[in-house]
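File shown: my_file.cif (mmCIF, C-alpha atoms).
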data_structure
#
loop_
_atom_site.label_atom_id
_atom_site.label_comp_id
_atom_site.auth_asym_id
_atom_site.auth_seq_id
_atom_site.Cartn_x
_atom_site.Cartn_y
_atom_site.Cartn_z
CA MET A 286 -68.03 237.12 -205.71
CA ALA A 287 -69.28 237.25 -202.12
CA LYS A 288 -69.52 233.46 -201.97
CA ILE A 289 -65.90 233.13 -203.12
CA LYS A 290 -64.77 235.50 -200.35
CA VAL A 291 -66.66 233.48 -197.71
CA ILE A 292 -65.14 230.21 -198.95
CA CYS A 293 -61.64 231.72 -198.90
CA LEU A 294 -62.21 233.02 -195.35
CA LEU A 295 -63.34 229.59 -194.14
CA CYS A 296 -60.30 227.96 -195.71
CA ILE A 297 -58.02 230.41 -193.92
CA LEU A 298 -59.78 229.80 -190.57
CA THR A 299 -59.22 226.05 -190.84
CA LEU A 300 -55.48 226.71 -190.61
CA LEU A 301 -56.03 228.12 -187.10
CA LEU A 302 -57.80 225.02 -185.79
CA SER A 303 -55.71 222.94 -183.38
CA GLY A 304 -57.02 219.57 -184.51
CA CYS A 305 -55.86 216.49 -182.58
CA TRP A 306 -52.17 217.27 -182.39
CA SER A 307 -52.04 216.32 -178.70
CA LYS A 308 -54.20 213.20 -178.87
CA ARG A 309 -53.16 210.14 -176.89
CA GLU A 310 -54.47 206.71 -177.84
CA LEU A 311 -56.00 204.47 -175.18
CA ASN A 312 -53.50 201.69 -175.87
CA GLU A 313 -50.68 204.11 -175.04
CA LEU A 314 -51.97 204.98 -171.56
CA ALA A 315 -51.85 203.35 -168.14
CA ILE A 316 -55.06 204.69 -166.56
CA VAL A 317 -54.48 205.37 -162.85
CA VAL A 318 -57.57 205.11 -160.62
CA ALA A 319 -55.85 205.30 -157.22
CA LEU A 320 -52.64 206.88 -155.95
CA GLY A 321 -50.90 206.05 -152.69
CA ILE A 322 -48.23 208.22 -151.07
CA ASP A 323 -45.97 206.95 -148.28
CA LYS A 324 -42.86 208.39 -146.63
CA ILE A 325 -40.00 205.91 -146.20
CA ASP A 326 -37.05 207.51 -144.41
CA GLU A 327 -36.28 210.58 -146.56
CA GLU A 328 -37.93 209.30 -149.73
CA TYR A 329 -41.47 209.23 -151.04
CA GLU A 330 -42.85 205.84 -152.06
CA ILE A 331 -45.55 206.09 -154.70
CA THR A 332 -48.09 203.37 -155.46
CA VAL A 333 -50.42 203.58 -158.44
CA GLN A 334 -53.39 201.31 -159.10
CA ILE A 335 -53.80 200.89 -162.85
CA VAL A 336 -56.79 199.37 -164.60
CA ASP A 337 -56.35 196.40 -166.93
CA PRO A 338 -59.00 197.26 -169.58
CA SER A 339 -59.18 193.72 -170.96
CA GLU A 340 -60.22 192.34 -167.55
CA ILE A 341 -63.12 194.74 -167.04
CA SER A 342 -64.35 194.78 -170.63
CA MET A 343 -67.83 193.30 -171.14
CA ARG A 344 -66.94 192.23 -174.66
CA GLN A 345 -63.97 190.07 -173.79
CA ALA A 346 -63.89 186.91 -171.72
CA SER A 347 -61.95 187.21 -168.48
CA THR A 348 -58.50 185.66 -168.42
CA GLN A 349 -58.64 185.33 -164.61
CA ARG A 350 -55.96 188.00 -164.28
CA SER A 351 -56.33 190.72 -161.69
CA PRO A 352 -58.47 193.63 -162.98
CA VAL A 353 -55.88 196.08 -161.65
CA VAL A 354 -52.10 196.22 -161.48
CA SER A 355 -50.07 198.08 -158.86
CA TYR A 356 -46.73 199.71 -159.58
CA HIS A 357 -44.37 201.18 -156.99
CA SER A 358 -41.49 203.62 -157.13
CA ARG A 359 -39.41 205.78 -154.81
CA GLY A 360 -37.88 209.22 -155.21
CA GLU A 361 -36.76 212.33 -153.37
CA THR A 362 -39.92 214.03 -154.66
CA ILE A 363 -43.29 212.69 -155.75
CA PHE A 364 -42.72 214.01 -159.26
CA GLU A 365 -39.44 212.10 -159.51
CA ALA A 366 -40.98 208.88 -158.17
CA ILE A 367 -43.82 209.04 -160.72
CA ARG A 368 -41.40 209.56 -163.62
CA LYS A 369 -39.12 206.77 -162.38
CA MET A 370 -42.14 204.48 -162.49
CA THR A 371 -41.84 204.41 -166.28
CA THR A 372 -38.82 202.13 -165.84
CA ASN A 373 -41.05 199.27 -164.66
CA ALA A 374 -44.50 200.16 -166.04
CA ALA A 375 -45.39 199.18 -169.60
CA ARG A 376 -47.03 202.57 -170.23
CA LYS A 377 -46.79 206.07 -168.84
CA PRO A 378 -49.22 206.59 -165.91
CA TYR A 379 -52.20 208.77 -166.85
CA PHE A 380 -53.87 210.55 -163.92
CA ALA A 381 -56.86 212.28 -165.53
CA HIS A 382 -59.20 209.53 -164.25
CA LEU A 383 -57.82 209.41 -160.70
CA GLN A 384 -60.59 208.63 -158.19
CA VAL A 385 -58.91 208.44 -154.80
CA VAL A 386 -55.61 209.38 -153.14
CA VAL A 387 -54.48 207.42 -150.08
CA LEU A 388 -52.05 209.18 -147.75
CA GLY A 389 -49.91 206.94 -145.55
CA GLU A 390 -50.17 207.40 -141.79
CA ASP A 391 -46.44 208.04 -141.31
CA LEU A 392 -46.52 210.67 -144.06
CA ALA A 393 -49.58 212.29 -142.45
CA LYS A 394 -47.78 212.57 -139.11
CA GLU A 395 -44.91 214.48 -140.74
CA GLY A 396 -47.23 216.76 -142.75
CA ILE A 397 -49.15 216.43 -146.01
CA SER A 398 -48.80 219.89 -147.57
CA ASP A 399 -45.65 219.12 -149.55
CA SER A 400 -47.05 215.85 -150.88
CA LEU A 401 -50.19 217.58 -152.15
CA ASP A 402 -48.32 220.28 -154.07
CA LEU A 403 -47.82 218.30 -157.29
CA ILE A 404 -51.39 216.98 -157.24
CA VAL A 405 -52.82 220.47 -156.96
CA ARG A 406 -50.36 222.09 -159.36
CA ASP A 407 -50.17 219.58 -162.24
CA HIS A 408 -52.69 220.14 -165.05
CA GLU A 409 -53.15 216.39 -165.65
CA PHE A 410 -54.79 215.87 -162.25
CA ARG A 411 -58.47 216.73 -162.16
CA LYS A 412 -59.79 218.07 -158.87
CA ASP A 413 -62.78 215.76 -158.36
CA PHE A 414 -61.05 212.89 -156.52
CA ASP A 415 -61.31 212.15 -152.80
CA VAL A 416 -58.48 211.99 -150.27
CA ILE A 417 -58.33 209.42 -147.45
CA MET A 418 -55.66 208.24 -144.98
CA SER A 419 -54.45 204.74 -144.23
CA HIS A 420 -54.54 203.81 -140.54
CA GLU A 421 -52.18 201.22 -139.05
CA ALA A 422 -51.12 200.36 -142.59
CA THR A 423 -49.24 201.99 -145.42
CA ALA A 424 -50.96 203.41 -148.49
CA LYS A 425 -49.11 200.73 -150.48
CA GLU A 426 -50.69 197.95 -148.39
CA VAL A 427 -54.16 199.47 -148.82
CA LEU A 428 -53.86 199.70 -152.61
CA ASN A 429 -52.53 196.14 -152.86
CA VAL A 430 -55.76 194.62 -151.49
CA LEU A 431 -58.07 193.05 -154.07
CA THR A 432 -61.76 193.50 -153.27
CA PRO A 433 -64.87 191.36 -153.99
CA ILE A 434 -68.00 192.61 -155.80
CA GLU A 435 -66.23 195.74 -157.03
CA LYS A 436 -63.51 194.53 -159.39
CA ILE A 437 -61.57 197.77 -159.11
CA PRO A 438 -60.50 198.39 -155.46
CA ALA A 439 -60.51 202.16 -156.01
CA ASN A 440 -64.23 201.93 -156.84
CA LYS A 441 -64.81 199.90 -153.70
CA MET A 442 -63.12 202.51 -151.51
CA LEU A 443 -65.03 205.32 -153.18
CA ASN A 444 -68.43 203.58 -153.04
CA SER A 445 -67.97 202.49 -149.41
CA LEU A 446 -67.05 206.05 -148.47
CA ASP A 447 -70.14 207.44 -150.20
CA VAL A 448 -72.57 204.82 -148.84
CA SER A 449 -71.16 205.03 -145.31
CA GLU A 450 -71.41 208.82 -145.29
CA LYS A 451 -75.07 208.68 -146.32
CA ALA A 452 -76.23 205.74 -144.19
CA TRP A 453 -73.94 205.69 -141.14
CA GLY A 454 -72.42 209.15 -140.72
CA ALA A 455 -69.00 208.16 -139.36
CA THR A 456 -67.12 209.02 -142.56
CA ILE A 457 -66.99 212.04 -144.83
CA ALA A 458 -65.95 212.36 -148.46
CA VAL A 459 -63.37 215.13 -148.83
CA ASN A 460 -62.12 216.04 -152.29
CA ILE A 461 -58.75 217.63 -152.91
CA ASP A 462 -60.09 221.19 -153.26
CA GLU A 463 -61.96 220.98 -149.94
CA LEU A 464 -58.89 219.60 -148.19
CA VAL A 465 -56.57 222.30 -149.56
CA ASN A 466 -59.03 225.07 -148.65
CA THR A 467 -59.21 223.77 -145.08
CA LEU A 468 -55.43 223.43 -144.78
CA THR A 469 -54.99 227.05 -145.86
CA ASN A 470 -57.40 228.18 -143.12
CA LYS A 471 -55.14 228.50 -140.08
CA HIS A 472 -58.13 228.75 -137.75
CA LYS A 473 -59.71 225.42 -138.74
CA GLY A 474 -58.52 221.82 -138.54
CA ALA A 475 -58.98 219.30 -141.33
CA LEU A 476 -60.76 215.94 -141.19
CA ILE A 477 -60.42 213.06 -143.63
CA SER A 478 -61.71 209.50 -143.45
CA ALA A 479 -59.26 206.79 -142.37
CA ILE A 480 -59.18 203.29 -143.84
CA GLU A 481 -57.74 200.08 -142.37
CA VAL A 482 -56.71 196.67 -143.70
CA HIS A 483 -58.42 193.91 -141.72
CA GLY A 484 -56.68 190.56 -142.02
CA ASP A 485 -53.28 189.39 -143.20
CA LYS A 486 -52.01 192.16 -145.47
CA LYS A 487 -49.90 189.69 -147.45
CA LEU A 488 -53.00 187.70 -148.47
CA GLY A 489 -54.75 190.79 -149.80
CA VAL A 490 -52.72 190.77 -153.01
CA ASP A 491 -53.73 187.19 -153.87
CA GLN A 492 -56.55 186.55 -156.33
CA THR A 493 -58.06 184.04 -153.89
CA ASN A 494 -59.02 187.01 -151.71
CA VAL A 495 -61.99 187.59 -154.03
CA GLN A 496 -62.75 183.94 -154.73
CA ARG A 497 -63.90 182.90 -151.25
CA VAL A 498 -67.27 183.23 -149.59
CA LYS A 499 -65.57 184.69 -146.50
CA THR A 500 -63.05 187.24 -147.71
CA PRO A 501 -59.90 186.91 -145.54
CA VAL A 502 -58.71 190.48 -146.09
CA LEU A 503 -61.01 193.51 -146.10
CA LEU A 504 -60.71 197.26 -146.42
CA GLN A 505 -62.80 199.04 -143.78
CA TYR A 506 -63.21 202.68 -142.78
CA ALA A 507 -62.28 203.31 -139.17
CA GLY A 508 -63.42 206.88 -138.45
CA LEU A 509 -62.10 210.38 -139.02
CA ALA A 510 -58.44 211.41 -138.91
CA VAL A 511 -57.86 214.79 -137.22
CA PHE A 512 -55.26 217.20 -138.57
CA LYS A 513 -53.74 220.18 -136.80
CA GLY A 514 -52.23 222.34 -139.49
CA ASP A 515 -51.17 219.74 -142.04
CA LYS A 516 -50.15 217.09 -139.49
CA TYR A 517 -52.20 214.09 -138.38
CA ILE A 518 -52.65 214.10 -134.61
CA GLY A 519 -55.27 211.47 -133.82
CA LEU A 520 -58.17 209.27 -134.88
CA LEU A 521 -61.76 209.70 -133.75
CA THR A 522 -63.81 206.61 -132.96
CA GLU A 523 -66.97 205.86 -134.94
CA GLY A 524 -69.14 207.38 -132.22
CA GLU A 525 -66.98 210.50 -132.04
CA SER A 526 -66.95 210.76 -135.83
CA LYS A 527 -70.75 210.66 -135.90
CA SER A 528 -70.83 213.42 -133.30
CA VAL A 529 -68.61 215.57 -135.50
CA SER A 530 -70.98 214.91 -138.41
CA PHE A 531 -73.93 216.02 -136.26
CA LEU A 532 -72.14 219.24 -135.33
CA ASN A 533 -71.04 219.90 -138.91
CA ASP A 534 -74.54 219.26 -140.30
CA LYS A 535 -73.28 216.26 -142.28
CA ILE A 536 -75.65 213.57 -141.00
CA GLN A 537 -77.97 212.30 -143.72
CA SER A 538 -78.98 209.09 -141.96
CA THR A 539 -77.68 206.91 -139.13
CA ILE A 540 -78.84 204.58 -136.35
CA GLU A 541 -79.36 205.41 -132.68
CA ILE A 542 -79.89 202.82 -129.92
CA ILE A 543 -81.51 203.58 -126.56
CA ALA A 544 -82.34 201.54 -123.48
CA CYS A 545 -86.03 200.78 -122.90
CA PRO A 546 -87.77 201.72 -119.59
CA LYS A 547 -87.46 198.23 -118.12
CA LYS A 548 -85.06 196.08 -120.14
CA GLY A 549 -84.05 195.59 -123.73
CA THR A 550 -83.21 198.12 -126.42
CA LEU A 551 -84.86 200.14 -129.15
CA SER A 552 -83.20 201.20 -132.40
CA SER A 553 -84.24 204.16 -134.49
CA GLU A 554 -83.26 205.40 -137.92
CA ILE A 555 -82.32 209.07 -138.16
CA THR A 556 -83.97 210.26 -141.36
CA GLN A 557 -83.08 213.93 -141.15
CA SER A 558 -80.78 216.10 -139.07
CA THR A 559 -80.43 219.87 -139.26
CA THR A 560 -77.75 221.74 -137.35
CA LYS A 561 -77.58 225.50 -136.89
CA VAL A 562 -74.46 227.06 -135.40
CA LYS A 563 -74.55 230.63 -134.13
CA GLY A 564 -71.61 232.59 -132.79
CA SER A 565 -71.85 235.55 -130.42
CA PHE A 566 -69.79 237.72 -128.09
CA ASP A 567 -70.74 238.49 -124.50
CA ASN A 568 -68.64 241.39 -123.22
CA GLY A 569 -65.96 240.40 -125.71
CA LYS A 570 -66.05 236.75 -124.71
CA PRO A 571 -66.91 234.34 -127.57
CA LYS A 572 -69.71 231.83 -127.30
CA ILE A 573 -71.19 229.21 -129.62
CA ASP A 574 -74.81 228.04 -129.63
CA VAL A 575 -75.62 224.82 -131.48
CA ARG A 576 -79.20 223.73 -132.18
CA ILE A 577 -79.73 220.27 -133.64
CA HIS A 578 -83.14 219.09 -134.79
CA VAL A 579 -83.41 215.38 -135.53
CA GLU A 580 -86.23 213.39 -137.12
CA GLN A 581 -86.34 209.63 -136.72
CA ASN A 582 -88.36 206.50 -137.42
CA ILE A 583 -88.57 203.51 -135.10
CA GLY A 584 -86.52 200.76 -136.69
CA GLU A 585 -86.27 197.83 -134.27
CA VAL A 586 -87.92 197.17 -130.91
CA GLU A 587 -86.46 194.51 -128.63
CA CYS A 588 -88.40 195.30 -125.48
CA ASP A 589 -91.90 195.57 -124.05
CA ILE A 590 -92.97 199.17 -124.73
CA ASP A 591 -96.35 200.51 -125.87
CA LEU A 592 -95.57 202.87 -128.73
CA THR A 593 -99.24 203.79 -129.17
CA LYS A 594 -98.97 205.99 -126.07
CA ASN A 595 -97.67 209.55 -126.30
CA LYS A 596 -95.61 209.16 -123.14
CA SER A 597 -93.71 206.27 -124.75
CA ILE A 598 -92.88 208.38 -127.79
CA ASP A 599 -91.82 211.24 -125.51
CA TYR A 600 -89.56 208.81 -123.66
CA VAL A 601 -87.98 207.63 -126.92
CA ASN A 602 -87.43 211.20 -128.13
CA LYS A 603 -85.84 212.36 -124.88
CA LYS A 604 -83.60 209.30 -124.56
CA THR A 605 -82.41 209.64 -128.15
CA ALA A 606 -81.71 213.35 -127.70
CA LYS A 607 -79.86 212.68 -124.45
CA GLY A 608 -77.70 209.99 -126.06
CA ILE A 609 -76.74 212.25 -128.98
CA ASP A 610 -76.05 215.18 -126.65
CA GLU A 611 -73.86 213.17 -124.24
CA ARG A 612 -71.81 211.77 -127.09
CA ILE A 613 -71.36 215.24 -128.59
CA GLN A 614 -70.23 216.66 -125.23
CA LYS A 615 -67.56 213.96 -124.88
CA THR A 616 -66.38 214.58 -128.44
CA LEU A 617 -66.21 218.33 -127.86
CA GLU A 618 -64.18 217.77 -124.71
CA LYS A 619 -61.72 215.55 -126.58
CA LEU A 620 -61.28 217.97 -129.47
CA GLN A 621 -61.01 221.02 -127.21
CA GLN A 622 -58.90 219.63 -124.36
CA GLN A 623 -56.86 216.83 -125.97
CA TYR A 624 -56.44 217.82 -129.62
CA GLU A 625 -57.05 221.59 -129.22
CA VAL A 626 -58.18 221.97 -132.81
CA ASP A 627 -61.34 223.54 -134.24
CA VAL A 628 -62.68 221.12 -136.86
CA PHE A 629 -66.19 222.60 -136.69
CA GLY A 630 -65.56 226.05 -138.12
CA PHE A 631 -66.61 227.78 -134.89
CA GLY A 632 -64.10 230.52 -135.68
CA ASP A 633 -65.87 231.16 -138.99
CA ALA A 634 -69.21 231.38 -137.15
CA LEU A 635 -67.80 234.01 -134.80
CA HIS A 636 -66.35 235.91 -137.76
CA ARG A 637 -69.77 236.00 -139.43
CA ALA A 638 -71.45 237.10 -136.21
CA ASP A 639 -69.14 240.02 -135.42
CA PRO A 640 -66.14 240.66 -137.71
CA LYS A 641 -64.75 243.43 -135.50
CA GLN A 642 -64.76 241.33 -132.33
CA TRP A 643 -63.34 238.35 -134.24
CA LYS A 644 -60.47 240.46 -135.52
CA LYS A 645 -59.49 241.17 -131.92
CA ILE A 646 -59.23 237.47 -130.96
CA LYS A 647 -58.36 235.63 -134.18
CA ASP A 648 -54.60 235.67 -133.50
CA GLU A 649 -55.21 233.99 -130.13
CA TRP A 650 -57.86 231.57 -131.42
CA ALA A 651 -55.68 228.51 -130.83
CA SER A 652 -55.46 229.33 -127.11
CA ILE A 653 -59.09 230.48 -126.82
CA PHE A 654 -60.71 227.44 -128.48
CA PRO A 655 -59.94 224.90 -125.68
CA ASP A 656 -61.99 226.99 -123.21
CA LEU A 657 -64.68 228.12 -125.66
CA ALA A 658 -68.21 227.91 -124.24
CA VAL A 659 -70.34 225.71 -126.51
CA ASP A 660 -74.03 225.28 -125.72
CA VAL A 661 -75.58 222.30 -127.51
CA GLN A 662 -79.29 221.56 -127.55
CA VAL A 663 -80.72 218.52 -129.29
CA LYS A 664 -84.40 218.06 -130.13
CA VAL A 665 -85.71 214.77 -131.50
CA THR A 666 -89.11 214.00 -133.02
CA THR A 667 -90.38 210.59 -134.08
CA GLN A 668 -92.20 210.52 -137.41
CA GLY A 669 -92.99 206.84 -138.01
CA LEU A 670 -93.26 203.49 -136.27
CA GLY A 671 -92.68 201.26 -139.29
CA THR A 672 -95.27 198.73 -140.50
CA MET A 673 -96.32 197.77 -136.96
CA GLN A 674 -96.90 199.91 -133.91
CA ASN A 675 -95.57 197.68 -131.14
CA SER A 676 -92.99 194.98 -130.66
CA LEU A 677 -93.96 191.34 -130.92
CA LEU A 678 -93.06 191.19 -127.23
CA ASN A 679 -95.99 193.49 -126.48
CA LYS A 680 -98.62 191.30 -128.16
CA PRO A 681 -100.89 189.23 -125.92
CA LYS A 682 -100.26 185.50 -126.06
CA GLU A 683 -103.00 183.23 -127.37
CA GLU A 684 -104.53 180.92 -124.83
#

Written form, structure tokens:
Amino acid sequence: MAKIKVICLLCILTLLLSGCWSKRELNELAIVVALGIDKIDEEYEITVQIVDPSEISMRQASTQRSPVVSYHSRGETIFEAIRKMTTNAARKPYFAHLQVVVLGEDLAKEGISDSLDLIVRDHEFRKDFDVIMSHEATAKEVLNVLTPIEKIPANKMLNSLDVSEKAWGATIAVNIDELVNTLTNKHKGALISAIEVHGDKKLGVDQTNVQRVKTPVLLQYAGLAVFKGDKYIGLLTEGESKSVSFLNDKIQSTIEIIACPKKGTLSSEITQSTTKVKGSFDNGKPKIDVRIHVEQNIGEVECDIDLTKNKSIDYVNKKTAKGIDERIQKTLEKLQQQYEVDVFGFGDALHRADPKQWKKIKDEWASIFPDLAVDVQVKVTTQGLGTMQNSLLNKPKEE
């Protein structure tokens, strides 16, 4: 009798299971891997990069078609433009696998908050994609460029961003959640990586762009775009972008070049960088202390210097530290005096240090930041010399 009751209960419970009522077959979807948003006059222009599954499948022979297809549409809102896209796309765009969003430069100058609303609000968008900005090009032009090696341009942009962040330090990967959190913090400015189209933009859409040894059109990251509120106000150079990464404790590895004592240069690889930011108040006046500890290995020596001597290593350490410090000081001056925006989170550091004092000045932070005293100290230590101690220039010649 008990067994019959259990079986009846299980049968009843199966009626409550949802099953696959909302399933969507793969052949019914247009999988979007990249989304571009531009502002043209009073309308939004949307570009989507959609994967052609047959061209990237390992089981099917390539038909020499492009591995991705771009569709474009305009509307008064982004939502309208996306829905209008169904009039020219064979399938409804599916955004659950979105990898990167490209914001057009003109849109960024007007403000990006409104354009991000749908992306953050809609349940179909996952929150693990990165956001970048097109520089001296529209988002449409960026997404129309076919790329070599990586068949899917969205993958190329994402991989380049990741590799550059880890090995060069002039870019940062910012996902949508991080960007929105920064934009909602009125005391901190946002930074996102900017990408450029190098070459004739019209040639980028041609399949021959990936069939040549020398690719005529390339996508390349150009530095960090600075936002005040939700508006783009300027682009940092590569050197300035690296300085920001040093200050924000984002450097994983990069290259530093110094002048040798007599002539020539020496290059080192930064293998580790640790930054500690401490805020304090002196008689109610805010102050920031930054301590940066850098470890490096000698990478390339193009001068006559004896690296077996301690004084040579001391020289290299001091010159490297001086170069990093001078570049940081110039970047701080630009961000404080020209852009007047705190992209470092110094306000947060002061809040952590003394919440009561911070409460007194937080409403005037925008006017206080340009004159904020920031003390930066950089210490560099050299860990390795590579597989040889000295340069070939320092070896005695055979007679």

Compute the distance from (-37.4, 210.0, -152.9) to each atom, counting all atoms listed in the file, keep the residues with any atom at most 10 Å away, and return them as a list of chain:residue names; use the coordinates of the file.
A:Lys324, A:Ile325, A:Asp326, A:Glu327, A:Glu328, A:Tyr329, A:Glu330, A:Ile331, A:Ser358, A:Arg359, A:Gly360, A:Glu361, A:Thr362, A:Ile363, A:Phe364, A:Glu365, A:Ala366

Check which residues satisfy the PyMOL selection byres ((chain A and resi 453) around 7) in the file shown, then give them as a list in words.
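With the shown file as input, the PyMOL selection byres ((chain A and resi 453) around 7) matches Ser449, Glu450, Lys451, Ala452, Gly454, Ala455, Ser538, Thr539 and Ile540 of chain A.
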
Spatial neighbours of Lys563 (chain A), 12 Å, only C-alpha atoms, chain gap at least 5 places, as a PyMOL selection string
chain A and resi 532+571-577+629-639+659-661

Find, counting all atoms listed in the file, the residue in A:Pro501, A:Gly519, A:Gly508, A:Pro378 that gets nearest to Val318 (chain A).
A:Pro378

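For the pair CA of Gln384 (chain A) and CA of Pro438 (chain A), the interatomic distance is 10.6 Å.
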
Return as JSON lines the residues of region 561-620 of chain A lying at most 9 Å from region 521-529 of chain A, together with the closest atom-to-atom pair for each and the distance in Å to one decimal, counting all atoms listed in the file, with rows in chain order and ascending residue number.
{"residue": "A:Ile609", "atom": "CA", "partner": "A:Ser528", "partner_atom": "CA", "distance": 7.4}
{"residue": "A:Asp610", "atom": "CA", "partner": "A:Ser528", "partner_atom": "CA", "distance": 8.6}
{"residue": "A:Arg612", "atom": "CA", "partner": "A:Ser528", "partner_atom": "CA", "distance": 6.5}
{"residue": "A:Ile613", "atom": "CA", "partner": "A:Ser528", "partner_atom": "CA", "distance": 5.1}
{"residue": "A:Gln614", "atom": "CA", "partner": "A:Ser528", "partner_atom": "CA", "distance": 8.7}
{"residue": "A:Lys615", "atom": "CA", "partner": "A:Glu525", "partner_atom": "CA", "distance": 8.0}
{"residue": "A:Thr616", "atom": "CA", "partner": "A:Glu525", "partner_atom": "CA", "distance": 5.5}
{"residue": "A:Leu617", "atom": "CA", "partner": "A:Val529", "partner_atom": "CA", "distance": 8.5}

Taking (-84.0, 195.1, -134.6) in the file's coordinates as the center, which residues reach within 10 Å of it, counting all atoms listed in the file, put as number ranges by chain?
A: 542, 550-553, 583-587, 676

Between CA of Lys412 (chain A) and CA of Leu468 (chain A), what is the distance in Å, rounded to a tenth?
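Value for the CA of Lys412 (chain A)-CA of Leu468 (chain A) distance: 15.7 Å.
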
re CA of Ala458 (chain A) and CA of Ile437 (chain A): distance 18.6 Å

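Within the 9 Å cut-off around Asn429 (chain A), using all atoms listed in the file and omitting residues fewer than 4 positions from it on the same chain, the listed residues are Thr332, Gln334, Val354, Ser355, Ala424, Lys425, Pro438, Lys486, Lys487, Gly489 and Val490 of chain A.
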
Which residue out of A:His420, A:Lys535, A:Lys603, A:Lys596 has the minimum interatomic distance to Tyr517 (chain A) when only C-alpha atoms are used?
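Answer, going by the shortest atom-to-atom distance: A:His420.
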
Please provide the set of residues having any atom within 10 Å of Val465 (chain A), restricted to all atoms listed in the file, with same-chain residues fewer than 5 positions apart removed, written as JSON, numbers by chain.
{"A": [398, 401, 402, 405, 459, 460, 470, 475, 515]}
